[in-house]
file protein21.txt (compact mmCIF, C-alpha atoms and all ligand atoms)
# COMPACT_ATOMS: atom_id res chain seq x y z
CA MET R 1 0.00 0.00 0.00
CA GLN R 2 1.21 3.53 -0.82
CA PRO R 3 2.10 5.52 2.31
CA VAL R 4 -0.55 8.09 3.16
CA ASN R 5 1.38 11.30 3.74
CA ILE R 6 -1.22 12.98 5.86
CA LEU R 7 -1.08 10.11 8.36
CA GLY R 8 2.70 9.65 8.33
CA ASP R 9 3.60 6.04 9.08
CA LYS R 10 0.63 5.45 11.36
CA MET R 11 -2.40 3.42 10.38
CA GLU R 12 -4.33 4.29 13.51
CA ILE R 13 -5.68 7.73 14.17
CA ALA R 14 -7.49 9.33 17.10
CA TYR R 15 -11.15 9.83 16.33
CA TYR R 16 -13.44 12.46 17.85
CA PRO R 17 -17.13 11.63 17.25
CA GLY R 18 -19.02 14.67 18.59
CA CYS R 19 -22.59 14.63 19.87
CA THR R 20 -24.61 13.97 16.72
CA LEU R 21 -22.53 11.04 15.46
CA LYS R 22 -23.78 9.05 18.45
CA THR R 23 -27.45 9.80 17.80
CA ASN R 24 -28.98 11.19 14.59
CA ALA R 25 -25.93 10.46 12.48
CA LYS R 26 -25.11 6.97 13.77
CA GLU R 27 -25.06 5.57 10.24
CA PHE R 28 -22.29 8.08 9.41
CA GLU R 29 -20.06 6.81 12.22
CA GLU R 30 -20.79 3.14 11.65
CA THR R 31 -20.06 3.23 7.93
CA ALA R 32 -16.98 5.42 8.43
CA ILE R 33 -15.37 3.03 10.91
CA LYS R 34 -16.07 0.08 8.60
CA VAL R 35 -14.87 1.60 5.34
CA PHE R 36 -11.69 2.96 6.89
CA GLU R 37 -11.04 -0.47 8.41
CA LYS R 38 -11.29 -1.88 4.86
CA LEU R 39 -8.65 0.63 3.84
CA GLY R 40 -6.41 -0.49 6.69
CA ILE R 41 -6.95 2.56 8.89
CA LYS R 42 -8.30 2.32 12.40
CA LEU R 43 -10.35 5.24 13.68
CA LYS R 44 -9.76 4.93 17.41
CA GLU R 45 -12.32 6.84 19.46
CA ILE R 46 -10.59 8.88 22.16
CA ASN R 47 -11.55 7.64 25.63
CA LYS R 48 -13.02 10.85 26.91
CA TRP R 49 -14.53 13.66 24.89
CA TYR R 50 -16.98 16.53 25.18
CA CYS R 51 -19.28 18.33 22.74
CA CYS R 52 -17.08 20.87 20.92
CA GLY R 53 -19.85 23.48 21.24
CA THR R 54 -20.69 23.24 17.52
CA VAL R 55 -20.43 26.57 15.63
CA TYR R 56 -17.20 28.48 16.31
CA SER R 57 -17.71 31.61 18.36
CA LEU R 58 -16.43 34.77 16.67
CA ALA R 59 -16.38 37.14 19.64
CA THR R 60 -12.91 38.60 20.15
CA ASP R 61 -13.31 38.87 23.90
CA ASN R 62 -14.74 35.53 25.03
CA LEU R 63 -12.40 32.58 25.39
CA MET R 64 -14.85 30.39 27.31
CA TYR R 65 -16.21 28.94 24.08
CA ARG R 66 -12.73 27.68 23.17
CA LEU R 67 -12.37 25.49 26.25
CA ALA R 68 -14.33 22.44 25.15
CA ALA R 69 -12.44 22.17 21.88
CA ILE R 70 -9.08 22.63 23.63
CA ARG R 71 -9.96 19.94 26.17
CA ASN R 72 -10.68 17.49 23.37
CA LEU R 73 -7.35 18.26 21.74
CA ILE R 74 -5.61 17.73 25.09
CA ARG R 75 -7.37 14.33 25.46
CA ALA R 76 -6.03 13.24 22.06
CA LYS R 77 -2.53 14.39 22.95
CA GLU R 78 -2.67 12.67 26.35
CA GLU R 79 -3.49 9.40 24.63
CA GLY R 80 -0.34 9.78 22.56
CA TYR R 81 -1.77 11.02 19.26
CA ASP R 82 -0.47 13.91 17.20
CA LYS R 83 -3.43 13.86 14.80
CA LEU R 84 -7.16 13.89 15.39
CA VAL R 85 -9.81 13.07 12.84
CA THR R 86 -13.48 13.98 13.00
CA LEU R 87 -16.30 13.29 10.56
CA CYS R 88 -18.80 16.06 11.24
CA SER R 89 -18.08 19.23 9.26
CA ILE R 90 -19.01 21.50 12.16
CA CYS R 91 -16.83 19.63 14.68
CA TYR R 92 -14.02 19.69 12.13
CA ASN R 93 -14.38 23.44 11.64
CA THR R 94 -14.53 24.26 15.34
CA LEU R 95 -11.65 21.98 16.37
CA LYS R 96 -9.54 23.19 13.45
CA GLN R 97 -10.18 26.91 14.01
CA THR R 98 -9.57 26.52 17.75
CA ASN R 99 -6.33 24.69 17.06
CA LEU R 100 -5.15 27.43 14.70
CA MET R 101 -5.89 29.93 17.43
CA ALA R 102 -3.86 27.81 19.85
CA ARG R 103 -0.90 27.95 17.46
CA GLU R 104 -1.13 31.65 16.68
CA ASP R 105 -2.52 33.50 19.67
CA GLU R 106 -0.04 33.29 22.55
CA ASP R 107 -1.95 35.69 24.80
CA ALA R 108 -5.19 33.75 24.46
CA MET R 109 -3.42 30.46 25.15
CA TYR R 110 -1.69 31.91 28.20
CA LYS R 111 -5.11 32.83 29.61
CA ILE R 112 -6.69 29.50 28.67
CA ASN R 113 -3.82 27.43 30.06
CA SER R 114 -3.84 29.41 33.32
CA PHE R 115 -7.59 29.10 33.63
CA MET R 116 -7.60 25.35 33.02
CA ASP R 117 -5.09 24.74 35.77
CA GLU R 118 -6.13 21.10 36.13
CA GLU R 119 -5.11 20.39 32.54
CA PRO R 120 -1.63 20.14 31.02
CA ASP R 121 -0.77 23.22 28.92
CA TYR R 122 -1.77 22.98 25.28
CA ASP R 123 0.23 24.44 22.40
CA GLY R 124 -1.67 23.50 19.25
CA SER R 125 0.54 20.52 18.45
CA VAL R 126 -2.27 18.10 17.55
CA GLU R 127 -3.23 18.31 13.91
CA VAL R 128 -6.96 18.26 13.12
CA ILE R 129 -7.81 16.50 9.89
CA HIS R 130 -10.94 15.50 8.03
CA PRO R 131 -11.30 11.95 6.64
CA LEU R 132 -11.79 13.36 3.14
CA GLN R 133 -8.21 14.65 3.32
CA ILE R 134 -7.04 11.10 3.99
CA LEU R 135 -9.16 9.71 1.15
CA ASN R 136 -7.80 12.41 -1.14
CA GLU R 137 -4.45 10.61 -0.98
CA MET R 138 -5.92 7.13 -1.27
CA MET R 139 -8.05 7.16 -4.40
CA ASP R 140 -6.21 4.16 -5.89
CA GLU R 141 -6.72 2.10 -2.73
CA VAL R 142 -10.38 3.14 -2.70
CA LYS R 143 -10.77 1.97 -6.31
CA ALA R 144 -9.15 -1.35 -5.47
CA LYS R 145 -11.73 -2.05 -2.74
CA VAL R 146 -14.81 -1.49 -4.91
CA LYS R 147 -16.94 -4.62 -5.24
CA LYS R 148 -20.22 -3.14 -6.44
CA PRO R 149 -19.47 -0.03 -8.48
CA LEU R 150 -22.01 2.74 -7.93
CA ASN R 151 -23.83 3.30 -11.16
CA LYS R 152 -25.70 6.48 -10.32
CA LYS R 153 -25.12 10.17 -10.75
CA TYR R 154 -24.26 12.02 -7.55
CA ALA R 155 -24.01 15.67 -6.58
CA ALA R 156 -21.21 16.32 -4.05
CA TYR R 157 -22.48 18.84 -1.51
CA TYR R 158 -19.74 20.45 0.63
CA GLY R 159 -21.70 23.21 2.33
CA CYS R 160 -19.66 25.79 4.22
CA LEU R 161 -17.59 24.47 7.03
CA LEU R 162 -15.24 22.09 5.22
CA LEU R 163 -14.20 25.01 3.03
CA ARG R 164 -14.45 28.25 4.96
CA PRO R 165 -12.85 30.26 6.38
CA LYS R 166 -10.17 29.47 3.85
CA GLU R 167 -7.53 28.82 6.54
CA VAL R 168 -9.34 25.57 7.37
CA ALA R 169 -10.39 24.52 3.86
CA ILE R 170 -9.85 20.81 3.14
CA ASP R 171 -9.70 21.55 -0.58
CA GLU R 172 -9.82 24.47 -3.02
CA TYR R 173 -12.47 26.58 -1.26
CA GLU R 174 -14.37 27.94 -4.26
CA ASN R 175 -14.22 24.80 -6.37
CA PRO R 176 -13.49 21.70 -4.32
CA SER R 177 -13.25 18.34 -6.07
CA VAL R 178 -12.26 15.69 -3.53
CA MET R 179 -15.79 14.28 -3.12
CA GLU R 180 -16.30 14.21 -6.88
CA ARG R 181 -13.08 12.22 -7.24
CA LEU R 182 -14.28 9.88 -4.50
CA ILE R 183 -17.62 9.36 -6.27
CA GLU R 184 -15.81 8.54 -9.52
CA ALA R 185 -13.38 6.20 -7.73
CA LEU R 186 -16.42 4.32 -6.41
CA GLY R 187 -17.73 3.86 -9.93
CA GLY R 188 -20.40 6.56 -9.77
CA SER R 189 -20.46 9.71 -11.81
CA ALA R 190 -20.25 13.17 -10.30
CA VAL R 191 -22.42 15.88 -11.83
CA ASN R 192 -21.59 19.53 -12.23
CA PHE R 193 -23.17 21.27 -9.23
CA PRO R 194 -22.61 25.02 -8.81
CA LEU R 195 -24.42 25.20 -5.45
CA LYS R 196 -22.12 22.61 -3.89
CA ASN R 197 -20.59 25.13 -1.49
CA GLU R 198 -23.72 27.17 -0.73
CA CYS R 199 -25.05 27.14 2.84
CA CYS R 200 -28.11 24.98 3.72
CA GLY R 201 -29.33 27.54 6.26
CA SER R 202 -27.69 25.75 9.19
CA TYR R 203 -29.12 26.51 12.65
CA ASN R 204 -31.92 28.61 11.12
CA VAL R 205 -33.80 25.30 11.20
CA ALA R 206 -34.47 25.88 14.91
CA CYS R 207 -36.44 29.10 14.53
CA ASN R 208 -36.57 30.25 10.90
CA LYS R 209 -37.41 27.11 9.00
CA GLU R 210 -38.57 29.04 5.97
CA ALA R 211 -34.97 30.03 5.22
CA VAL R 212 -33.92 26.39 5.32
CA ILE R 213 -36.87 25.29 3.19
CA ASP R 214 -35.89 27.85 0.53
CA ALA R 215 -32.24 26.81 0.66
CA ASN R 216 -33.21 23.15 0.39
CA TYR R 217 -35.40 23.87 -2.65
CA ARG R 218 -32.63 25.84 -4.38
CA ILE R 219 -29.87 23.34 -3.64
CA ILE R 220 -31.72 20.11 -4.45
CA THR R 221 -33.36 21.56 -7.55
CA ASN R 222 -29.99 22.76 -8.81
CA ALA R 223 -28.48 19.30 -8.22
CA ARG R 224 -31.39 17.56 -9.92
CA LYS R 225 -31.37 19.87 -12.93
CA ASN R 226 -27.72 18.99 -13.39
CA GLY R 227 -28.69 15.35 -13.57
CA ALA R 228 -28.06 14.19 -9.99
CA GLU R 229 -29.95 11.19 -8.66
CA ALA R 230 -28.64 11.61 -5.12
CA ILE R 231 -26.71 14.05 -2.93
CA VAL R 232 -23.58 13.23 -0.93
CA THR R 233 -22.52 15.21 2.13
CA SER R 234 -20.29 15.18 5.20
CA CYS R 235 -22.27 17.23 7.70
CA PRO R 236 -25.05 15.93 9.98
CA LEU R 237 -26.73 19.35 9.96
CA CYS R 238 -26.63 19.66 6.15
CA HIS R 239 -27.86 16.07 6.03
CA PHE R 240 -30.82 16.93 8.26
CA ASN R 241 -31.62 20.18 6.47
CA LEU R 242 -31.41 18.60 3.03
CA LYS R 243 -33.05 15.27 3.80
CA GLU R 244 -35.48 15.43 6.70
CA ILE R 245 -37.47 18.46 5.67
CA GLN R 246 -38.15 17.49 2.04
CA LYS R 247 -41.85 16.92 2.84
CA GLU R 248 -42.16 20.50 4.03
CA VAL R 249 -40.31 21.75 0.97
CA LYS R 250 -42.80 19.91 -1.22
CA LYS R 251 -45.65 21.68 0.61
CA ALA R 252 -44.11 25.10 0.03
CA TYR R 253 -43.04 24.33 -3.56
CA PRO R 254 -45.45 21.91 -5.27
CA ASP R 255 -43.05 21.50 -8.24
CA PHE R 256 -40.29 20.26 -5.92
CA VAL R 257 -38.86 16.82 -6.60
CA GLY R 258 -36.67 15.50 -3.80
CA LEU R 259 -33.47 13.47 -3.90
CA PRO R 260 -31.98 10.89 -1.54
CA VAL R 261 -29.15 12.24 0.64
CA TYR R 262 -26.19 10.14 1.80
CA TYR R 263 -23.05 10.60 3.85
CA PHE R 264 -19.94 9.99 1.76
CA THR R 265 -19.11 6.98 3.94
CA GLU R 266 -22.51 5.44 3.17
CA ILE R 267 -21.84 5.39 -0.56
CA MET R 268 -18.37 4.02 0.17
CA ALA R 269 -19.96 1.21 2.22
CA MET R 270 -22.38 0.47 -0.65
CA ALA R 271 -19.56 0.28 -3.20
CA PHE R 272 -17.27 -1.74 -0.90
CA GLY R 273 -20.13 -4.18 -0.28
CA VAL R 274 -19.91 -3.57 3.48
CA LYS R 275 -23.06 -4.48 5.39
CA LYS R 276 -24.58 -1.80 7.59
CA MET M 1 -16.71 57.41 16.32
CA ASN M 2 -20.26 56.46 17.28
CA TRP M 3 -20.78 53.88 20.06
CA LEU M 4 -22.28 51.31 17.70
CA LEU M 5 -19.32 51.36 15.34
CA SER M 6 -16.78 51.20 18.15
CA LYS M 7 -18.66 48.35 19.82
CA VAL M 8 -18.91 46.39 16.57
CA GLU M 9 -15.24 46.97 15.80
CA GLU M 10 -14.26 45.91 19.29
CA LEU M 11 -16.32 42.70 19.26
CA SER M 12 -15.51 41.70 15.69
CA GLY M 13 -11.93 42.91 15.37
CA GLU M 14 -12.83 44.16 11.87
CA ASN M 15 -12.21 47.54 10.26
CA LEU M 16 -15.55 48.57 8.76
CA TYR M 17 -14.12 51.65 7.02
CA ALA M 18 -12.15 49.31 4.75
CA CYS M 19 -15.44 48.44 3.01
CA TYR M 20 -15.97 50.30 -0.29
CA GLN M 21 -19.56 49.08 -0.77
CA CYS M 22 -18.95 46.92 -3.82
CA GLY M 23 -21.75 44.55 -2.80
CA LYS M 24 -19.84 41.35 -3.50
CA CYS M 25 -20.69 40.07 -0.02
CA SER M 26 -24.40 40.52 -0.61
CA ALA M 27 -24.21 39.02 -4.09
CA GLY M 28 -22.87 35.77 -2.69
CA CYS M 29 -24.86 35.64 0.54
CA PRO M 30 -27.10 32.54 0.46
CA MET M 31 -29.46 34.05 3.03
CA ALA M 32 -29.85 37.45 1.32
CA ASN M 33 -33.39 36.62 0.20
CA GLU M 34 -34.50 36.22 3.80
CA MET M 35 -32.88 39.44 5.01
CA ASP M 36 -34.31 42.90 5.63
CA LEU M 37 -30.90 44.53 5.11
CA LEU M 38 -28.20 43.29 2.78
CA PRO M 39 -24.80 42.60 4.37
CA ASN M 40 -23.18 45.64 2.70
CA GLN M 41 -26.08 47.84 3.93
CA VAL M 42 -25.48 46.58 7.46
CA ILE M 43 -21.92 47.92 7.25
CA LEU M 44 -23.08 51.29 6.01
CA LEU M 45 -25.67 51.65 8.78
CA VAL M 46 -23.20 50.68 11.49
CA ILE M 47 -20.74 53.29 10.18
CA ARG M 48 -23.52 55.88 10.29
CA GLY M 49 -24.41 54.83 13.84
CA ASP M 50 -27.96 53.89 12.82
CA GLU M 51 -29.13 51.79 15.76
CA SER M 52 -32.04 50.26 13.87
CA VAL M 53 -29.55 47.73 12.57
CA VAL M 54 -29.47 46.10 16.01
CA ASP M 55 -33.14 45.22 15.64
CA ALA M 56 -32.91 44.05 12.03
CA LYS M 57 -33.59 40.47 10.99
CA THR M 58 -30.34 40.18 9.07
CA PRO M 59 -27.86 39.26 11.86
CA TRP M 60 -30.19 36.47 13.03
CA VAL M 61 -30.73 35.06 9.55
CA CYS M 62 -26.98 35.03 8.89
CA ALA M 63 -25.94 31.39 9.06
CA GLN M 64 -22.23 32.07 9.70
CA CYS M 65 -21.34 30.48 6.38
CA TYR M 66 -18.26 32.70 5.80
CA GLN M 67 -19.04 33.20 2.10
CA CYS M 68 -19.04 37.01 2.37
CA GLY M 69 -15.71 37.09 4.19
CA VAL M 70 -13.81 34.85 1.78
CA ARG M 71 -15.04 36.85 -1.20
CA CYS M 72 -14.58 40.40 0.09
CA PRO M 73 -11.88 42.15 -1.97
CA LYS M 74 -11.08 44.32 1.06
CA ASN M 75 -10.76 41.45 3.55
CA VAL M 76 -13.67 42.59 5.67
CA ASP M 77 -15.03 39.56 7.50
CA ILE M 78 -18.74 40.34 7.68
CA THR M 79 -19.35 37.00 9.35
CA LYS M 80 -17.71 38.48 12.43
CA ILE M 81 -19.67 41.74 12.13
CA MET M 82 -22.94 39.77 12.16
CA GLU M 83 -21.78 37.97 15.30
CA ALA M 84 -20.95 41.30 16.93
CA LEU M 85 -24.47 42.58 16.22
CA ARG M 86 -26.02 39.44 17.71
CA LEU M 87 -23.83 39.79 20.79
CA ILE M 88 -24.86 43.39 21.39
CA LYS M 89 -28.40 42.11 22.03
CA LEU M 90 -27.59 38.78 23.65
CA ARG M 91 -25.33 40.48 26.18
CA LYS M 92 -28.22 42.67 27.26
CA ASN M 93 -29.99 39.43 28.13
CA ILE M 94 -32.33 39.60 25.17
CA ASP M 95 -32.48 36.09 23.73
CA HIS M 96 -33.54 35.61 20.13
CA ILE M 97 -35.33 32.31 20.76
CA LYS M 98 -37.31 30.76 23.55
CA LEU M 99 -35.83 27.33 24.01
CA GLU M 100 -39.10 25.83 25.18
CA LYS M 101 -40.62 26.72 21.82
CA VAL M 102 -37.94 24.99 19.76
CA LYS M 103 -39.09 21.68 18.25
CA LYS M 104 -37.64 18.73 20.11
CA ASN M 105 -37.13 16.46 17.14
CA LEU M 106 -34.08 18.36 15.94
CA PRO M 107 -30.63 16.75 16.05
CA GLN M 108 -28.28 17.90 18.85
CA ILE M 109 -26.11 19.68 16.33
CA ALA M 110 -29.03 22.01 15.47
CA LEU M 111 -30.08 22.53 19.07
CA VAL M 112 -26.59 23.27 20.38
CA SER M 113 -25.73 25.64 17.54
CA ALA M 114 -29.05 27.49 17.81
CA THR M 115 -28.51 27.85 21.55
CA ARG M 116 -25.02 29.18 20.92
CA LYS M 117 -26.13 31.73 18.34
CA TYR M 118 -29.53 32.78 19.62
CA THR M 119 -29.18 32.85 23.41
CA GLY M 120 -26.83 34.75 25.71
S1 LIG J 1 -17.55 42.64 -0.29
FE1 LIG J 1 -16.29 43.74 1.24
S2 LIG J 1 -15.85 45.73 0.31
FE2 LIG J 1 -17.53 44.82 -0.88
S3 LIG J 1 -19.39 45.65 0.09
FE3 LIG J 1 -18.96 43.71 1.08
S4 LIG J 1 -17.73 44.18 2.88
FE4 LIG J 1 -17.70 45.99 1.53
S1 LIG J 2 -21.83 34.61 6.76
FE1 LIG J 2 -23.89 35.47 6.97
S2 LIG J 2 -23.84 37.41 5.88
FE2 LIG J 2 -22.02 36.27 5.24
S3 LIG J 2 -22.65 35.23 3.36
FE3 LIG J 2 -23.02 33.80 5.05
S4 LIG J 2 -25.17 34.12 5.67
FE4 LIG J 2 -24.52 35.91 4.40

call {"tool": "encode", "arguments": {"input": "protein21.txt", "output": "structure tokens", "more": "lines below"}}
Ligand code: SF4
Ligand code: SF4
result
Amino acid sequence: MQPVNILGDKMEIAYYPGCTLKTNAKEFEETAIKVFEKLGIKLKEINKWYCCGTVYSLATDNLMYRLAAIRNLIRAKEEGYDKLVTLCSICYNTLKQTNLMAREDEDAMYKINSFMDEEPDYDGSVEVIHPLQILNEMMDEVKAKVKKPLNKKYAAYYGCLLLRPKEVAIDEYENPSVMERLIEALGGSAVNFPLKNECCGSYNVACNKEAVIDANYRIITNARKNGAEAIVTSCPLCHFNLKEIQKEVKKAYPDFVGLPVYYFTEIMAMAFGVKK
Amino acid sequence: MNWLLSKVEELSGENLYACYQCGKCSAGCPMANEMDLLPNQVILLVIRGDESVVDAKTPWVCAQCYQCGVRCPKNVDITKIMEALRLIKLRKNIDHIKLEKVKKNLPQIALVSATRKYTG
């Protein structure tokens, strides 16, 4: 097997699940662990972890919201890992942005380390990576594992938080292609999809559903008109906003035709012939 | 400098005067259709010290998607300016949502992020 640069010589990597992977997005976690095992990589859940707080706080003067993410990074380091992988796009974004802050903002880290006196000091040395960055270097191995090639057309939906802000982008932030290459490696075909990095409305779903219904209509219709038969994503919130409210979208827009929505690890499991 | 502008600059760390009102942020904003003020208009009103912006829908509709910030030719991160406007209210103990009214069948990820963005 070709060495995977992003992992160095290790074939085991610390895995941070986050809250939703243990509940609504269980199928995401289950398929991810299985397909990475097929590729010879063990996602080892860290022994202790806390909700990262989801969306990254942007206030300049409040460091409290950084603590949960820092604690998770310390847990990974304590267990001897220098890299941490997480599946959920929001967890990825928050852990990654927090870690960049830990590397760049000495004053903030001095305050945080002093405040968390019970913890060892943290310096940003754990690297946060997304599984798609690992797969990006393993397309040949992925191809070799395919037993039942996907024969459908898929739209790769990235949303926001894998790509922006650009400091944390897992790929070219205006025109990413890693998921398209994955779809093709699995035997499917990836359609052109200009709304692939447009926001699904995110947490608006809690109190301004109309905004999410409109975004869903725009995004799915755009994918369908470009020939997609299904949508592939990496975020449990995008997944919910695109999939679970399709009935309500149909009510608001009678011409709406929905599409199935999958996590990228689910289509990998299908193509690898891995049972759920 | 008016209090609103200095507060927004302090909370966001952004220089609003850098904005030359090209509108690129608003052109790419996926939530613009749901807004009562476009992102570039928000900047203008804050610079003018127009306090009505604090009660506008726009900061609450903003989904923190970072599209405006990555596209701004002047490196103004409006995402952070929207957060500053939300914080001005939240820190006065004025929550944007009543948690007991939020539907319970939402995934944690939606509930936690809505709590983070809409309550103080
Ligand atoms: S894109 Fe930047 S410079 Fe242009 S209007 Fe928006 S904030 Fe101002
Ligand atoms: S971060 Fe907010 S204002 Fe900026 S493009 Fe996204 S939704 Fe619009």

call {"tool": "atom_distance", "arguments": {"input": "protein21.txt", "atom1": "atom CA of Tyr92 of chain R", "atom2": "atom CA of Val8 of chain M"}}
result
27.5 Å

call {"tool": "residues_near_ligand", "arguments": {"input": "protein21.txt", "ligand": "ligand LIG 1 (chain J)", "cutoff": "6 Å", "atoms": "all atoms listed in the file", "output": "NGL selection string"}}
result
:M and (19-25 or 40 or 72-74 or 76)

call {"tool": "residues_around", "arguments": {"input": "protein21.txt", "residues": "Ala228 of chain R", "least_positions_apart": "5", "cutoff": "6 Å", "atoms": "all atoms listed in the file", "output": "PyMOL selection string"}}
result
chain R and resi 153-155+223

call {"tool": "residues_around", "arguments": {"input": "protein21.txt", "residues": "segment 127-139 of chain R", "least_positions_apart": "4", "cutoff": "7 Å", "atoms": "all atoms listed in the file", "output": "ChimeraX atom specification"}}
result
/R:4,6,82-87,92,95-96,143,170,178,182,185

call {"tool": "residues_near_ligand", "arguments": {"input": "protein21.txt", "ligand": "ligand LIG 2 (chain J)", "cutoff": "6 Å", "atoms": "all atoms listed in the file", "output": "number ranges by chain"}}
result
M: 29-31, 39, 62-68, 78-79

call {"tool": "write_last_selection", "arguments": {"input": "protein21.txt", "atoms": "C-alpha atoms", "output": "PDB file, in the frame of the given file"}}
result
ATOM      1  CA  CYS M  29     -24.860  35.640   0.540  1.00  0.00           C
ATOM      2  CA  PRO M  30     -27.100  32.540   0.460  1.00  0.00           C
ATOM      3  CA  MET M  31     -29.460  34.050   3.030  1.00  0.00           C
ATOM      4  CA  PRO M  39     -24.800  42.600   4.370  1.00  0.00           C
ATOM      5  CA  CYS M  62     -26.980  35.030   8.890  1.00  0.00           C
ATOM      6  CA  ALA M  63     -25.940  31.390   9.060  1.00  0.00           C
ATOM      7  CA  GLN M  64     -22.230  32.070   9.700  1.00  0.00           C
ATOM      8  CA  CYS M  65     -21.340  30.480   6.380  1.00  0.00           C
ATOM      9  CA  TYR M  66     -18.260  32.700   5.800  1.00  0.00           C
ATOM     10  CA  GLN M  67     -19.040  33.200   2.100  1.00  0.00           C
ATOM     11  CA  CYS M  68     -19.040  37.010   2.370  1.00  0.00           C
ATOM     12  CA  ILE M  78     -18.740  40.340   7.680  1.00  0.00           C
ATOM     13  CA  THR M  79     -19.350  37.000   9.350  1.00  0.00           C
TER      14      THR M  79
END

call {"tool": "closest_residue", "arguments": {"input": "protein21.txt", "among": "M:Leu11, M:Leu4, M:Leu16, M:Leu99", "to": "chain R", "atoms": "only C-alpha atoms"}}
result
M:Leu11

call {"tool": "closest_residue", "arguments": {"input": "protein21.txt", "among": "R:Asp171, R:Glu266, R:Glu37, R:Asp61", "to": "chain M", "atoms": "only C-alpha atoms"}}
result
R:Asp61

call {"tool": "residues_around", "arguments": {"input": "protein21.txt", "residues": "Ala252 of chain R", "least_positions_apart": "6", "cutoff": "10 Å", "atoms": "all atoms listed in the file", "output": "PyMOL selection string"}}
result
chain R and resi 210+213-214+217+246

call {"tool": "interface_residues", "arguments": {"input": "protein21.txt", "of": "chain R", "to": "chain M", "cutoff": "8 Å", "atoms": "only C-alpha atoms", "output": "NGL selection string"}}
result
:R and (19-20 or 23-24 or 53-55 or 58-61 or 160-161 or 164-166 or 198-199 or 201-208 or 211 or 215 or 236-237 or 240)

call {"tool": "decode", "arguments": {"input": "protein21.txt", "residues": "segment 60-72 of chain M", "atoms": "N, CA and C atoms", "output": "tab-separated table (two decimals), in the first residue's frame"}}
result
chain	number	residue	atom	x	y	z
M	60	TRP	N	-29.65	37.73	12.52
M	60	TRP	CA	-30.19	36.47	13.03
M	60	TRP	C	-30.39	35.46	11.91
M	61	VAL	N	-30.57	35.96	10.70
M	61	VAL	CA	-30.73	35.06	9.55
M	61	VAL	C	-29.36	34.58	9.08
M	62	CYS	N	-28.35	35.40	9.28
M	62	CYS	CA	-26.98	35.03	8.89
M	62	CYS	C	-26.64	33.66	9.48
M	63	ALA	N	-26.18	32.78	8.64
M	63	ALA	CA	-25.94	31.39	9.06
M	63	ALA	C	-24.46	31.13	9.35
M	64	GLN	N	-23.68	32.18	9.47
M	64	GLN	CA	-22.23	32.07	9.70
M	64	GLN	C	-21.59	31.12	8.68
M	65	CYS	N	-21.85	31.38	7.42
M	65	CYS	CA	-21.34	30.48	6.38
M	65	CYS	C	-20.00	30.94	5.82
M	66	TYR	N	-19.57	32.14	6.18
M	66	TYR	CA	-18.26	32.70	5.80
M	66	TYR	C	-18.10	33.03	4.31
M	67	GLN	N	-19.18	32.94	3.53
M	67	GLN	CA	-19.04	33.20	2.10
M	67	GLN	C	-18.65	34.66	1.85
M	68	CYS	N	-19.33	35.59	2.55
M	68	CYS	CA	-19.04	37.01	2.37
M	68	CYS	C	-17.58	37.32	2.65
M	69	GLY	N	-17.08	36.79	3.76
M	69	GLY	CA	-15.71	37.09	4.19
M	69	GLY	C	-14.66	36.60	3.20
M	70	VAL	N	-14.84	35.35	2.68
M	70	VAL	CA	-13.81	34.85	1.78
M	70	VAL	C	-13.83	35.57	0.44
M	71	ARG	N	-14.96	36.20	0.11
M	71	ARG	CA	-15.04	36.85	-1.20
M	71	ARG	C	-14.75	38.35	-1.16
M	72	CYS	N	-14.74	38.95	0.02
M	72	CYS	CA	-14.58	40.40	0.09
M	72	CYS	C	-13.21	40.83	-0.43
